[in-house]
Amino acid sequence: MTAFYEPLGGGRFAPTEHTAGPWSPDAQHFGPPSALLVRSLEEVPATRESRLARVTVEILGPAPLTELTTRARVERPGRSVELLSAELSAGGKVVARASAWRLVTSDSTEVIAGGAEPLPVPPEEAEPAPWPEHWLGADRGYLAATEWRAVRGSMVDPGPAAVWVRQRVDLVGGEKPSPLQRLFAVADSGNGVSNYLDPRRWWFINTELTVHLQREPAGEWIGLDARTVVGPDGIGTATSDLHDRGGQVATGAQALLVRPR
């Protein structure tokens, strides 16, 4: 295995087969594109020590398995708070936009407030977590390019579930992914991990991903403790507590379009 993307220079990237998602063989799972947008946001120069505190990825259309271009900029500069934005384009068409609040850091170790409890089973003690065989791409593409280990629930059975996830490939060829790139490569999977609808009969596709960050994750493994709620008129929400071995590092949410296929 190589990487999700091969760099072409000038903010251009060629997606590999490892980005292919479960809804269509011609469209990417939006974990890698979300991480690619975060990579672009991280490259925006900062004048003070700061960190991304919230990132929202708006999915404007499928990300095809063709050349992609990224660009990012400061939308609203400030001494302590900045608003950044990034775009992901394919064939001259913008397929996703990201907005991010970047905040100046300070020492708040004396007032740390705990999040969710650490996941009860470390990844090396967790059993492999297979995807249902009828999921498109369960044996190839993104789902196969990431390693899944079960903590609670099951991705084969419907309902909430908690898993550990690790990339088998880098985000960009020749680069080591940053902690936030690893996190966002996984965060878009909450609706899949906690699904309770048969994907052969139902769409439950997210239109966006919003992640609020408390700290950067440590290590290769990202924990995803996810649940899905669907209302009576085809609109749902998947929410996730995102972990590293030390405990919760972020909270993710996805708005879902739910309808029969």
# chains A, B, ... in the order shown; residues from 1 in each chain; ligands from 1
$ select_by_dssp --residues "stretch 49-228 of chain A" --states "strand (DSSP E or B)" --output "PyMOL selection string"
chain A and resi 50-59+64+68-76+81-90+93-104+127-128+146-152+161-167+170-172+202-206+208-213+222-228
$ select_by_dssp --residues "stretch 54-164 of chain A" --states "alpha helix (DSSP H)" --output "NGL selection string"
:A and (141-145)
$ write_last_selection --atoms "C-alpha atoms" --output "PDB file, in the first residue's frame"
ATOM      1  CA  GLY A 141     -10.723   1.219  -1.009  1.00  0.00           C
ATOM      2  CA  TYR A 142     -10.899   3.279   2.182  1.00  0.00           C
ATOM      3  CA  LEU A 143     -12.474   0.574   4.341  1.00  0.00           C
ATOM      4  CA  ALA A 144      -9.622  -1.807   3.548  1.00  0.00           C
ATOM      5  CA  ALA A 145      -6.919   0.901   3.782  1.00  0.00           C
TER       6      ALA A 145
END
$ residues_around --residues "A:Ala187" --least-positions-apart "4" --cutoff "10 Å" --atoms "only C-alpha atoms" --output "compact mmCIF listing (two decimals) with C-alpha atoms, in the first residue's frame"
# COMPACT_ATOMS: atom_id res chain seq x y z
CA PHE A 30 -14.86 11.76 2.63
CA GLY A 31 -12.38 10.89 5.37
CA PRO A 32 -9.30 11.39 3.17
CA SER A 34 -11.46 16.00 5.00
CA ALA A 35 -7.92 15.25 6.13
CA VAL A 165 -9.16 2.89 13.75
CA GLN A 181 -4.83 14.70 9.68
CA ARG A 182 -5.07 11.24 11.28
CA LEU A 183 -8.10 12.37 13.28
CA ASN A 191 -22.44 7.43 10.49
CA LEU A 209 -18.71 17.09 9.25
CA THR A 210 -18.07 19.34 12.25
CA VAL A 211 -15.35 18.55 14.77
CA ILE A 222 -8.05 6.98 16.84
CA GLY A 223 -11.04 5.87 18.90
CA LEU A 224 -14.51 6.51 17.52
CA ALA A 226 -20.50 6.82 17.64
CA THR A 239 -22.39 12.12 16.80
CA SER A 240 -18.99 10.78 17.86
CA ASP A 241 -16.63 11.06 20.80
CA LEU A 242 -13.13 10.93 19.32
CA ALA A 250 -12.67 15.91 20.21
CA THR A 251 -16.39 15.72 19.46
CA GLY A 252 -17.71 15.14 15.94
CA ALA A 253 -21.16 15.51 14.36
CA GLN A 254 -22.64 14.88 10.93
$ atom_distance --atom1 "atom CA of A:Ala98" --atom2 "atom CA of A:Gln248"
22.9 Å
$ atom_distance --atom1 "atom CA of A:Gly219" --atom2 "atom CA of A:Asn195"
26.6 Å
$ residues_around --residues "A:Thr228" --least-positions-apart "3" --cutoff "8 Å" --atoms "only C-alpha atoms" --output "PyMOL selection string"
chain A and resi 159-160+191+194-196+236-239
$ closest_residue --among "A:Trp221, A:Trp148, A:Trp101, A:Trp164" --to "A:Pro130" --atoms "only C-alpha atoms"
A:Trp148
$ residues_around --residues "A:Asp170" --least-positions-apart "3" --cutoff "9 Å" --atoms "only C-alpha atoms" --output "list in words"
Thr2, Ala3, Phe4, Tyr5, Gln167, Gly173, Gly174, Glu175, Lys176, Pro177 and Arg182 of chain A
$ atom_distance --atom1 "atom CA of A:Glu125" --atom2 "atom CA of A:Phe184"
23.8 Å
$ residues_around --residues "stretch 61-78 of chain A" --least-positions-apart "6" --cutoff "6 Å" --atoms "only C-alpha atoms" --output "list in words"
Gly11, Arg12, Phe13, Ala14, Pro15, Asp26, Ala27, Gln28, Ser40, Leu41, Leu84, Ser85, Ala86, Glu87, Leu88, Ser89, Ala90 and Val95 of chain A
$ write_last_selection --atoms "C-alpha atoms" --output "mmCIF file, in the first residue's frame"
data_model
loop_
_atom_site.group_PDB
_atom_site.id
_atom_site.type_symbol
_atom_site.label_atom_id
_atom_site.label_comp_id
_atom_site.auth_asym_id
_atom_site.auth_seq_id
_atom_site.Cartn_x
_atom_site.Cartn_y
_atom_site.Cartn_z
ATOM 1 C CA GLY A 11 -1.569 22.090 -4.176
ATOM 2 C CA ARG A 12 -2.572 19.306 -6.599
ATOM 3 C CA PHE A 13 -3.062 15.668 -5.617
ATOM 4 C CA ALA A 14 -3.862 12.412 -7.392
ATOM 5 C CA PRO A 15 -6.175 10.154 -5.340
ATOM 6 C CA ASP A 26 -16.307 6.397 -8.547
ATOM 7 C CA ALA A 27 -16.445 8.581 -5.415
ATOM 8 C CA GLN A 28 -14.108 8.920 -2.445
ATOM 9 C CA SER A 40 -4.240 22.753 3.749
ATOM 10 C CA LEU A 41 -5.529 24.646 6.813
ATOM 11 C CA LEU A 84 -9.594 30.188 8.176
ATOM 12 C CA SER A 85 -11.134 28.668 5.064
ATOM 13 C CA ALA A 86 -10.098 26.032 2.544
ATOM 14 C CA GLU A 87 -11.472 24.621 -0.704
ATOM 15 C CA LEU A 88 -11.154 21.290 -2.456
ATOM 16 C CA SER A 89 -11.728 21.308 -6.229
ATOM 17 C CA ALA A 90 -11.939 18.697 -8.974
ATOM 18 C CA VAL A 95 -16.551 19.786 -4.172
#
$ residues_around --residues "A:Asn206" --least-positions-apart "5" --cutoff "7 Å" --atoms "only C-alpha atoms" --output "count of residues only"
4
